[in-house]
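What follows is a single structure, written as structure tokens, with notes after it.
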Amino acid sequence: MKNQEKRPCPLCERHQRMETTSGMLFWVEWGEDGNPRLCTDTLHDGGGLNVLCIDFCPLCGREMEKQEALG
């Protein structure tokens with residue numbers, strides 16, 4: 001059987017935002033250091049913007065690639 005590369009899920013794709021049924025937005029961004037971060041926006045519920053460093057996609061488990069650091 002051939003080793004087929006899995007297509008990334010929508011969250012793994014850069015700049016793809018997803019929304020829960022309760023209206024919370026979440027997406028992945030890469031910091032200036034090249035490391036991926038999971039961002040969630042709950043501003044509409046009085047919460048705030050949360051950012052977590054991640055190594056793996058929380059939806060599909062795929063290892064997140066690092067981007068070349070800026071600067």
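To be explicit about the labels: the chains of the structure tokens are called A, B, and onward in the order shown, and within each one the residues are counted from 1, while ligands get numbers from 1 in the order they are shown.
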Inset, instruction - Excluding Met24 of chain A and any residue of its chain fewer than 4 positions from it, enumerate the residues within 6 Å of it, using only C-alpha atoms, and give them as a VMD selection string. - result: chain A and resid 19 to 20 41 to 42
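Interatomic distance, atom CA of Glu68 of chain A against atom CA of Leu25 of chain A: 25.8 Å.
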Inset, instruction - Just the residues within 8 Å of segment 54-57 of chain A, please, counting only C-alpha atoms, with nothing from its chain fewer than 6 positions along; format it as a list in words. - result: Leu11, Cys12, Asn35, Pro36, Arg37, Leu38, Glu63 and Met64 of chain A
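The nearest approach to Pro58 of chain A among the residues A:Thr21, A:Cys9, A:Gly34, A:Glu29, with only C-alpha atoms taken into account, belongs to A:Cys9.
Here atom CA of Cys39 of chain A and atom CA of Leu52 of chain A stand 6.5 Å from one another.
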